[in-house]
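Below is target_2.json, holding JSON, C-alpha atoms.
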```json
[["chain", "number", "residue", "atom", "x", "y", "z"],
["F", 228, "MET", "CA", 116.65, 57.14, 83.06],
["F", 229, "SER", "CA", 116.05, 55.03, 86.10],
["F", 230, "ILE", "CA", 112.72, 55.01, 87.81],
["F", 231, "PHE", "CA", 114.45, 56.46, 90.86],
["F", 232, "SER", "CA", 115.65, 59.67, 89.19],
["F", 233, "ALA", "CA", 112.28, 60.06, 87.54],
["F", 234, "TRP", "CA", 110.69, 59.99, 90.95],
["F", 235, "ILE", "CA", 113.19, 62.50, 92.30],
["F", 236, "ILE", "CA", 112.57, 64.91, 89.43],
["F", 237, "GLY", "CA", 108.83, 64.49, 89.74],
["F", 238, "LEU", "CA", 108.81, 65.10, 93.48],
["F", 239, "GLY", "CA", 111.26, 67.96, 93.11],
["F", 240, "SER", "CA", 109.17, 69.81, 90.59],
["F", 241, "LEU", "CA", 106.08, 69.21, 92.70],
["F", 242, "ALA", "CA", 107.89, 70.68, 95.72],
["F", 243, "LEU", "CA", 109.03, 73.63, 93.62],
["F", 244, "LEU", "CA", 105.49, 74.27, 92.46],
["F", 245, "PHE", "CA", 104.30, 74.04, 96.04],
["F", 246, "PHE", "CA", 106.91, 76.57, 97.19],
["F", 247, "ALA", "CA", 106.02, 78.92, 94.34],
["F", 248, "ILE", "CA", 102.32, 78.83, 95.26],
["F", 249, "VAL", "CA", 103.04, 79.38, 98.97],
["F", 250, "HIS", "CA", 105.37, 82.25, 98.09],
["F", 251, "LEU", "CA", 102.67, 83.85, 95.95],
["F", 252, "LEU", "CA", 100.10, 83.51, 98.72],
["F", 253, "VAL", "CA", 102.43, 85.01, 101.34],
["F", 254, "ALA", "CA", 103.36, 87.82, 98.95],
["F", 255, "LEU", "CA", 99.68, 88.52, 98.29],
["F", 256, "VAL", "CA", 99.01, 88.86, 102.01],
["F", 257, "LEU", "CA", 101.76, 91.52, 102.07],
["F", 258, "ILE", "CA", 100.92, 93.15, 98.73],
["F", 259, "ILE", "CA", 97.30, 94.03, 99.52],
["F", 260, "PRO", "CA", 98.00, 96.29, 102.53],
["F", 261, "THR", "CA", 101.22, 97.60, 101.02],
["F", 262, "TRP", "CA", 99.38, 98.54, 97.83],
["F", 263, "ARG", "CA", 97.06, 100.70, 99.88],
["F", 264, "ILE", "CA", 99.90, 102.25, 101.86],
["F", 265, "CYS", "CA", 101.77, 103.09, 98.64],
["F", 266, "THR", "CA", 98.77, 104.73, 97.01],
["F", 267, "ARG", "CA", 97.97, 106.67, 100.18],
["F", 268, "ALA", "CA", 101.57, 107.87, 100.27],
["F", 269, "GLY", "CA", 101.19, 108.99, 96.68],
["F", 270, "PHE", "CA", 103.18, 106.29, 94.90],
["F", 271, "SER", "CA", 101.91, 103.82, 92.36],
["F", 272, "GLY", "CA", 100.37, 100.79, 93.98],
["F", 273, "ALA", "CA", 102.50, 98.63, 91.70],
["F", 274, "LEU", "CA", 105.46, 99.52, 93.93],
["F", 275, "SER", "CA", 104.10, 96.92, 96.34],
["F", 276, "LEU", "CA", 104.72, 94.20, 93.73],
["F", 277, "PHE", "CA", 108.35, 94.24, 94.92],
["F", 278, "HIS", "CA", 107.08, 91.87, 97.62],
["F", 279, "LEU", "CA", 107.20, 89.20, 94.90],
["F", 280, "VAL", "CA", 111.01, 89.41, 94.92],
["F", 281, "PRO", "CA", 112.22, 86.81, 97.39],
["F", 282, "LEU", "CA", 114.22, 87.88, 100.46],
["F", 283, "ILE", "CA", 114.94, 91.54, 99.64],
["F", 284, "GLY", "CA", 111.67, 92.61, 98.02],
["F", 285, "SER", "CA", 110.00, 93.72, 101.25],
["F", 286, "PHE", "CA", 113.09, 95.69, 102.19],
["F", 287, "ILE", "CA", 113.00, 97.53, 98.86],
["F", 288, "VAL", "CA", 109.38, 98.59, 99.38],
["F", 289, "MET", "CA", 110.04, 99.66, 102.96],
["F", 290, "ALA", "CA", 113.18, 101.57, 101.95],
["F", 291, "VAL", "CA", 111.32, 103.48, 99.25],
["F", 292, "LEU", "CA", 108.52, 104.36, 101.66],
["F", 293, "ALA", "CA", 110.89, 105.23, 104.49],
["F", 294, "PHE", "CA", 113.51, 107.34, 102.72],
["F", 295, "SER", "CA", 111.56, 109.21, 100.03],
["F", 296, "ASP", "CA", 109.38, 112.28, 100.29],
["F", 297, "TRP", "CA", 105.77, 111.15, 100.05],
["F", 298, "PRO", "CA", 104.09, 112.91, 97.11],
["F", 299, "ASN", "CA", 100.83, 113.10, 99.06],
["F", 300, "GLY", "CA", 102.48, 114.81, 102.00],
["F", 301, "GLU", "CA", 103.81, 113.69, 105.32],
["F", 302, "ALA", "CA", 102.77, 114.37, 108.86],
["F", 303, "ARG", "CA", 104.60, 117.24, 110.49],
["F", 304, "ARG", "CA", 107.56, 116.09, 112.53],
["U", 630, "MET", "CA", 132.04, 65.00, 112.20],
["U", 631, "GLY", "CA", 133.25, 67.81, 114.40],
["U", 632, "MET", "CA", 134.12, 69.85, 111.33],
["U", 633, "GLU", "CA", 130.64, 69.45, 109.96],
["U", 634, "ILE", "CA", 129.02, 70.52, 113.19],
["U", 635, "ALA", "CA", 131.33, 73.53, 113.37],
["U", 636, "ALA", "CA", 130.49, 74.46, 109.77],
["U", 637, "LEU", "CA", 126.78, 74.12, 110.48],
["U", 638, "MET", "CA", 127.10, 76.28, 113.58],
["U", 639, "GLY", "CA", 128.97, 78.85, 111.53],
["U", 640, "LEU", "CA", 126.14, 78.89, 108.98],
["U", 641, "PHE", "CA", 123.60, 79.40, 111.73],
["U", 642, "GLY", "CA", 125.72, 82.19, 113.16],
["U", 643, "LEU", "CA", 126.04, 83.90, 109.78],
["U", 644, "SER", "CA", 122.36, 83.63, 108.99],
["U", 645, "SER", "CA", 121.40, 84.91, 112.42],
["U", 646, "VAL", "CA", 123.69, 87.90, 111.90],
["U", 647, "PHE", "CA", 121.90, 88.59, 108.61],
["U", 648, "ALA", "CA", 118.55, 88.17, 110.34],
["U", 649, "LEU", "CA", 119.60, 90.61, 113.07],
["U", 650, "VAL", "CA", 120.79, 93.22, 110.55],
["U", 651, "GLY", "CA", 117.56, 92.80, 108.59],
["U", 652, "LEU", "CA", 115.48, 93.15, 111.74],
["U", 653, "VAL", "CA", 117.23, 96.35, 112.84],
["U", 654, "LEU", "CA", 116.95, 97.77, 109.31],
["U", 655, "ALA", "CA", 113.26, 96.89, 109.09],
["U", 656, "ALA", "CA", 112.57, 98.36, 112.53],
["U", 657, "TRP", "CA", 114.29, 101.61, 111.58],
["U", 658, "MET", "CA", 112.41, 101.89, 108.28],
["U", 659, "ALA", "CA", 109.10, 101.02, 109.94],
["U", 660, "TRP", "CA", 109.76, 103.81, 112.45],
["U", 661, "ARG", "CA", 110.19, 106.31, 109.61],
["U", 662, "ILE", "CA", 107.17, 105.08, 107.60],
["U", 663, "VAL", "CA", 104.81, 105.17, 110.57],
["U", 664, "GLU", "CA", 106.06, 108.63, 111.53],
["U", 665, "LYS", "CA", 105.29, 109.95, 108.04],
["U", 666, "ALA", "CA", 101.71, 108.76, 108.46],
["U", 667, "GLY", "CA", 101.55, 110.78, 111.67],
["U", 668, "LEU", "CA", 101.75, 107.96, 114.19],
["U", 669, "PRO", "CA", 104.43, 107.72, 116.87],
["U", 670, "GLY", "CA", 107.56, 106.04, 115.51],
["U", 671, "TRP", "CA", 107.86, 103.56, 118.33],
["U", 672, "ALA", "CA", 104.64, 101.89, 117.13],
["U", 673, "GLY", "CA", 106.33, 100.81, 113.90],
["U", 674, "LEU", "CA", 109.48, 99.81, 115.72],
["U", 675, "GLY", "CA", 107.48, 97.79, 118.21],
["U", 676, "ALA", "CA", 105.50, 96.05, 115.48],
["U", 677, "ILE", "CA", 108.72, 94.83, 113.86],
["U", 678, "LEU", "CA", 110.32, 93.82, 117.16],
["U", 679, "LEU", "CA", 107.23, 91.73, 117.95],
["U", 680, "THR", "CA", 108.61, 89.19, 115.46],
["U", 681, "LEU", "CA", 111.18, 88.32, 118.13],
["U", 682, "THR", "CA", 108.48, 87.15, 120.52],
["U", 683, "ALA", "CA", 106.44, 83.99, 120.62],
["U", 684, "VAL", "CA", 103.55, 85.50, 118.68],
["U", 685, "GLY", "CA", 105.89, 85.37, 115.72],
["U", 686, "THR", "CA", 104.93, 86.98, 112.46],
["U", 687, "ILE", "CA", 101.15, 86.88, 112.71],
["U", 688, "VAL", "CA", 100.73, 89.92, 114.95],
["U", 689, "PRO", "CA", 103.01, 92.20, 112.89],
["U", 690, "LEU", "CA", 101.16, 91.02, 109.78],
["U", 691, "VAL", "CA", 97.83, 91.94, 111.35],
["U", 692, "LEU", "CA", 99.32, 95.28, 112.39],
["U", 693, "LEU", "CA", 100.42, 95.89, 108.79],
["U", 694, "TRP", "CA", 96.83, 95.42, 107.64],
["U", 695, "VAL", "CA", 95.55, 97.65, 110.42],
["U", 696, "PHE", "CA", 98.08, 100.33, 109.48],
["U", 697, "ALA", "CA", 97.10, 100.17, 105.83],
["U", 698, "PHE", "CA", 93.39, 100.61, 106.44],
["U", 699, "MET", "CA", 93.27, 102.77, 109.57],
["U", 700, "ARG", "CA", 92.83, 106.55, 109.56],
["U", 701, "TRP", "CA", 96.17, 108.30, 109.49],
["U", 702, "PRO", "CA", 96.67, 111.38, 111.68],
["U", 703, "ARG", "CA", 98.36, 112.92, 108.61],
["U", 704, "ASP", "CA", 94.94, 113.13, 106.93],
["U", 705, "GLU", "CA", 93.16, 114.71, 109.88],
["U", 706, "PRO", "CA", 91.81, 118.20, 109.17],
["U", 707, "GLY", "CA", 93.71, 120.87, 111.03],
["U", 708, "ARG", "CA", 97.11, 119.61, 110.05],
["U", 709, "ALA", "CA", 96.65, 121.02, 106.57],
["U", 710, "ALA", "CA", 96.44, 124.52, 107.99],
["U", 711, "LEU", "CA", 100.04, 124.27, 109.13],
["U", 712, "GLY", "CA", 101.11, 124.04, 105.52],
["U", 713, "TYR", "CA", 102.98, 120.75, 105.74],
["U", 714, "ALA", "CA", 100.41, 118.21, 104.68],
["U", 715, "THR", "CA", 98.59, 118.65, 101.44],
["U", 716, "ALA", "CA", 95.26, 120.31, 101.21],
["U", 717, "PRO", "CA", 93.10, 118.64, 98.59],
["U", 718, "ALA", "CA", 93.34, 120.99, 95.63],
["U", 719, "GLY", "CA", 90.65, 121.08, 93.02],
["U", 720, "ALA", "CA", 90.85, 118.78, 90.07],
["U", 721, "PRO", "CA", 93.05, 120.44, 87.45],
["U", 722, "GLY", "CA", 91.00, 121.87, 84.64],
["U", 723, "GLY", "CA", 87.70, 121.65, 86.42],
["U", 724, "ARG", "CA", 86.19, 123.97, 88.94],
["U", 725, "PRO", "CA", 87.99, 123.60, 92.25],
["U", 726, "THR", "CA", 86.16, 122.04, 95.11],
["U", 727, "SER", "CA", 84.94, 124.33, 97.84],
["U", 728, "PRO", "CA", 87.72, 125.34, 100.21],
["U", 729, "ALA", "CA", 88.36, 123.03, 103.10],
["U", 730, "ALA", "CA", 87.22, 124.44, 106.40],
["U", 731, "LEU", "CA", 90.49, 125.70, 107.80],
["U", 732, "PRO", "CA", 90.82, 126.63, 111.45],
["U", 733, "PRO", "CA", 91.90, 130.23, 111.93],
["U", 734, "PRO", "CA", 95.64, 130.85, 111.86],
["U", 735, "PRO", "CA", 97.35, 130.58, 115.23],
["U", 736, "ALA", "CA", 97.88, 134.33, 115.67],
["U", 737, "ALA", "CA", 95.20, 136.70, 114.40],
["U", 738, "LEU", "CA", 96.27, 140.11, 113.16],
["U", 739, "ALA", "CA", 94.62, 143.19, 114.61],
["U", 740, "ASP", "CA", 94.80, 145.08, 111.30],
["U", 741, "ARG", "CA", 91.50, 144.37, 109.54],
["U", 742, "ARG", "CA", 91.86, 146.73, 106.57],
["U", 743, "ALA", "CA", 90.99, 145.25, 103.18],
["U", 744, "TRP", "CA", 93.71, 143.84, 100.95],
["U", 745, "ARG", "CA", 94.53, 145.16, 97.51],
["U", 746, "LEU", "CA", 96.27, 143.42, 94.64],
["U", 747, "THR", "CA", 97.37, 145.77, 91.89],
["U", 748, "GLY", "CA", 99.45, 145.28, 88.79],
["U", 749, "SER", "CA", 99.61, 145.81, 85.05],
["U", 750, "LEU", "CA", 98.76, 143.21, 82.44],
["U", 751, "PRO", "CA", 101.38, 142.28, 79.82],
["U", 752, "ALA", "CA", 98.80, 142.95, 77.11],
["U", 753, "GLY", "CA", 98.23, 146.45, 78.44],
["U", 754, "GLY", "CA", 95.81, 147.73, 81.03],
["U", 755, "ASN", "CA", 95.79, 147.56, 84.77],
["U", 756, "VAL", "CA", 94.21, 145.17, 87.20],
["U", 757, "ALA", "CA", 93.16, 146.15, 90.71],
["U", 758, "LEU", "CA", 91.51, 143.64, 93.00],
["U", 759, "ALA", "CA", 90.06, 144.43, 96.40],
["U", 760, "ILE", "CA", 89.80, 141.67, 98.97],
["U", 761, "ASP", "CA", 87.72, 142.63, 101.96],
["U", 762, "GLY", "CA", 86.82, 140.21, 104.67],
["U", 763, "SER", "CA", 83.26, 139.73, 103.43],
["U", 764, "ALA", "CA", 84.01, 136.24, 102.08],
["U", 765, "SER", "CA", 86.48, 133.72, 103.44],
["U", 766, "ALA", "CA", 87.76, 132.58, 100.05],
["U", 767, "TYR", "CA", 88.17, 134.02, 96.57],
["U", 768, "VAL", "CA", 89.07, 132.22, 93.36],
["U", 769, "LEU", "CA", 91.60, 133.93, 91.10],
["U", 770, "THR", "CA", 90.79, 133.17, 87.48],
["U", 771, "GLY", "CA", 91.88, 134.31, 84.04],
["U", 772, "ALA", "CA", 88.30, 134.22, 82.82],
["U", 773, "PRO", "CA", 85.94, 137.16, 83.16],
["U", 774, "MET", "CA", 84.23, 137.34, 86.52],
["U", 775, "SER", "CA", 81.13, 135.16, 86.35],
["U", 776, "GLN", "CA", 80.04, 134.73, 89.93],
["U", 777, "ALA", "CA", 80.58, 136.10, 93.39],
["U", 778, "GLY", "CA", 83.80, 135.08, 95.05],
["U", 779, "GLU", "CA", 85.73, 135.21, 91.80],
["U", 780, "LEU", "CA", 88.48, 137.71, 91.04],
["U", 781, "SER", "CA", 89.45, 138.09, 87.40],
["U", 782, "VAL", "CA", 93.02, 138.61, 86.18],
["U", 783, "PRO", "CA", 92.34, 138.70, 82.43],
["U", 784, "ASP", "CA", 95.53, 137.29, 80.94],
["U", 785, "PRO", "CA", 96.10, 134.12, 78.86],
["U", 786, "SER", "CA", 98.88, 132.98, 81.21],
["U", 787, "VAL", "CA", 96.46, 132.88, 84.16],
["U", 788, "GLY", "CA", 94.60, 129.62, 84.61],
["U", 789, "GLN", "CA", 90.82, 129.36, 84.73],
["U", 790, "PRO", "CA", 90.82, 129.00, 87.69],
["U", 791, "HIS", "CA", 94.37, 129.68, 88.78],
["U", 792, "ALA", "CA", 94.59, 129.99, 92.57],
["U", 793, "ARG", "CA", 92.57, 130.69, 95.67],
["U", 794, "LEU", "CA", 92.87, 133.50, 98.20],
["U", 795, "LEU", "CA", 91.82, 132.73, 101.74],
["U", 796, "VAL", "CA", 90.95, 135.33, 104.35],
["U", 797, "ALA", "CA", 91.01, 134.39, 108.02],
["U", 798, "ALA", "CA", 91.79, 136.28, 111.21],
["U", 799, "GLY", "CA", 93.11, 139.32, 109.38],
["U", 800, "ARG", "CA", 95.54, 137.20, 107.40],
["U", 801, "LEU", "CA", 95.62, 136.45, 103.70],
["U", 802, "GLY", "CA", 96.41, 132.99, 102.37],
["U", 803, "LEU", "CA", 97.17, 131.81, 98.86],
["U", 804, "GLU", "CA", 96.70, 128.33, 97.43],
["U", 805, "ASP", "CA", 97.83, 127.30, 93.93],
["U", 806, "PHE", "CA", 95.70, 125.05, 91.70],
["U", 807, "GLY", "CA", 98.63, 123.80, 89.64],
["U", 808, "THR", "CA", 97.85, 125.38, 86.29],
["U", 809, "PRO", "CA", 100.77, 125.68, 83.82],
["U", 810, "GLY", "CA", 101.34, 129.41, 84.35],
["U", 811, "GLY", "CA", 102.48, 128.83, 87.90],
["U", 812, "THR", "CA", 102.28, 131.00, 91.01],
["U", 813, "LEU", "CA", 105.14, 132.81, 92.73],
["U", 814, "ILE", "CA", 105.17, 134.40, 96.20],
["U", 815, "ASP", "CA", 107.91, 137.07, 96.30],
["U", 816, "GLY", "CA", 109.68, 135.08, 93.58],
["U", 817, "ALA", "CA", 109.34, 131.69, 95.28],
["U", 818, "ARG", "CA", 107.22, 129.12, 93.49],
["U", 819, "LEU", "CA", 104.04, 127.97, 95.19],
["U", 820, "LEU", "CA", 102.97, 124.44, 94.31],
["U", 821, "PRO", "CA", 99.57, 122.81, 94.88],
["U", 822, "GLU", "CA", 101.14, 120.35, 97.31],
["U", 823, "HIS", "CA", 102.21, 123.25, 99.53],
["U", 824, "GLY", "CA", 98.58, 123.85, 100.38],
["U", 825, "PRO", "CA", 97.50, 127.31, 101.52],
["U", 826, "ARG", "CA", 100.33, 129.64, 102.47],
["U", 827, "ASP", "CA", 100.18, 132.84, 104.51],
["U", 828, "ILE", "CA", 101.00, 135.82, 102.28],
["U", 829, "SER", "CA", 100.07, 138.57, 104.79],
["U", 830, "ALA", "CA", 103.67, 139.82, 104.87],
["U", 831, "THR", "CA", 104.25, 139.43, 101.14],
["U", 832, "ARG", "CA", 105.07, 142.26, 98.73],
["U", 833, "THR", "CA", 104.24, 140.67, 95.38],
["U", 834, "ILE", "CA", 102.63, 137.56, 94.00],
["U", 835, "ARG", "CA", 102.90, 136.44, 90.39],
["U", 836, "LEU", "CA", 100.14, 134.57, 88.55],
["U", 837, "GLY", "CA", 101.46, 133.28, 85.22],
["U", 838, "SER", "CA", 103.16, 136.37, 83.79],
["U", 839, "VAL", "CA", 101.12, 138.91, 85.76],
["U", 840, "GLU", "CA", 102.92, 140.53, 88.69],
["U", 841, "LEU", "CA", 100.60, 141.79, 91.42],
["U", 842, "ALA", "CA", 101.66, 144.02, 94.31],
["U", 843, "LEU", "CA", 99.95, 143.39, 97.64],
["U", 844, "SER", "CA", 98.96, 146.35, 99.78],
["U", 845, "ARG", "CA", 96.36, 147.37, 102.33],
["U", 846, "ALA", "CA", 93.48, 149.63, 101.44]]
```

I need this file expressed as structure tokens, please.
Amino acid sequence: MSIFSAWIIGLGSLALLFFAIVHLLVALVLIIPTWRICTRAGFSGALSLFHLVPLIGSFIVMAVLAFSDWPNGEARR
Amino acid sequence: MGMEIAALMGLFGLSSVFALVGLVLAAWMAWRIVEKAGLPGWAGLGAILLTLTAVGTIVPLVLLWVFAFMRWPRDEPGRAALGYATAPAGAPGGRPTSPAALPPPPAALADRRAWRLTGSLPAGGNVALAIDGSASAYVLTGAPMSQAGELSVPDPSVGQPHARLLVAAGRLGLEDFGTPGGTLIDGARLLPEHGPRDISATRTIRLGSVELALSRA
């Protein structure tokens, strides 16, 4: 293995680690309020962990909250 | 070179179409979520559409936090009386909490005669309960009467306590505590999440396996 490809792999894995950490931080910023919204709606707070799924996770959480009947009751419409 | 630029532009176009679809979808869902909490739907829609502006994603993120921790109009007292939102029922098994202070029903009834619940027990014997307006709430229980404000329906299928009767403005309300026997109003099941329901115009209620006819004294 050349020193060049070793560098590339090293930098690449470092970048990957960096992205993973940033993704976790961003997800955490979303998970904390969503956890509270889910529990107030009557769902398990763990539903908010869908935010960890890249790209579509937030849509899944929102879809569940938007299109289900909240076990804890909804405001009269 | 031209091909590459065209391909790149196509990619941008495709991804912006996806972004647009996602934005519209998110705005629609946010509308519905915020409405369920009792806020106007346009607030959720607006929060999502703010991502299009220069303030970017920070403001909607802050709004998400505010939404999560603010007071929701859904939880305001007064809504529960309408029977749509839940009234906090007592902890199952334990003694129920004192009834929430409900505002009087929208239309008071002029007829202020006392209510009567009569029926026969499956094990034999009759039960006759009188509900006058002296208290605003009564607890229906399968246990023998132990304190004021309790009405006993001595049957094993009736929970201890089982349900609550509410008297306000000449009307009678019923609230189920979610015990296994179940509660029926004219054959329709009453669940704890229904909150208190008006049974003034009801013929029969059923607690567990005990059928009680409702009449006026």

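Each of U:Ser765, U:Ala666, U:Ala752, U:Met638 was compared to Phe698 in chain U using all atoms listed in the file, and U:Ala666 turns out to be the nearest.
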
**Item:** Residue nearest chain U - candidates F:Leu274, F:Val280, F:Cys265, F:Ile230, atoms counted: only C-alpha atoms
**Value:** F:Cys265

Do you have, as a Markdown table, the list of residues of chain F lying at most 6 Å from chain U, each with its nearest atom pair and that distance in Å to one decimal, counting only C-alpha atoms and ordered by chain then number?
```
| residue | atom | partner | partner_atom | distance |
| --- | --- | --- | --- | --- |
| F:Pro260 | CA | U:Ala697 | CA | 5.2 |
| F:Arg263 | CA | U:Ala697 | CA | 6.0 |
| F:Ile264 | CA | U:Ala697 | CA | 5.3 |
| F:Ala293 | CA | U:Ile662 | CA | 4.9 |
| F:Gly300 | CA | U:Ala714 | CA | 4.8 |
| F:Glu301 | CA | U:Lys665 | CA | 4.9 |
| F:Ala302 | CA | U:Arg703 | CA | 4.6 |
```

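With CA of Leu678 in chain U on one side and CA of Gly284 in chain F on the other, the separation reads 19.2 Å.
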
**Request:** May I ask for the distance between CA of Phe277 in chain F and CA of Ser644 in chain U, given in Å to one decimal place?
**Result:** 22.5 Å

**Which of U:Ser749, U:Ser645, U:Thr686, U:Ser775 sits closest to Arg835 in chain U [using only C-alpha atoms]** =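 Smallest separation from Arg835 in chain U among the options: U:Ser749.
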
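Here CA of Gly673 in chain U is placed at a distance of 24.4 Å from CA of His250 in chain F.
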
**Asked** Of the candidates F:Pro298, F:Ala233, F:Pro281, F:Ile259, which shows the shortest atom-to-atom distance to Phe246 in chain F, using only C-alpha atoms?
**Response**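 Looking at the shortest contact to Phe246 in chain F, the residue is F:Pro281.
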
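Using only C-alpha atoms, the contacts of Trp744 in chain U at a cut-off of 8 Å, with sequence neighbours closer than 6 positions omitted, comprise Ala759, Ile760, Asp761, Leu843, Ser844, Arg845 and Ala846 of chain U.
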
Which residues are close to Gly807 in chain U, i.e. within 9 Å by only C-alpha atoms, leaving aside same-chain residues fewer than 3 positions away? Reply as a compact mmCIF listing (two decimals) with C-alpha atoms, in the coordinates of the input.
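Printed below is selection.txt as written:
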```
# COMPACT_ATOMS: atom_id res chain seq x y z
CA ALA U 718 93.34 120.99 95.63
CA PRO U 721 93.05 120.44 87.45
CA GLY U 788 94.60 129.62 84.61
CA HIS U 791 94.37 129.68 88.78
CA ALA U 792 94.59 129.99 92.57
CA GLY U 810 101.34 129.41 84.35
CA GLY U 811 102.48 128.83 87.90
CA THR U 812 102.28 131.00 91.01
CA LEU U 819 104.04 127.97 95.19
CA LEU U 820 102.97 124.44 94.31
CA PRO U 821 99.57 122.81 94.88
CA GLU U 822 101.14 120.35 97.31
```

**Request:** Find the residues around His278 in chain F up to 8 Å (only C-alpha atoms counted), leave out those fewer than 6 positions away in its own chain, and share them as a PyMOL selection string.
**Result:** chain F and resi 254+257-258+284-285+288
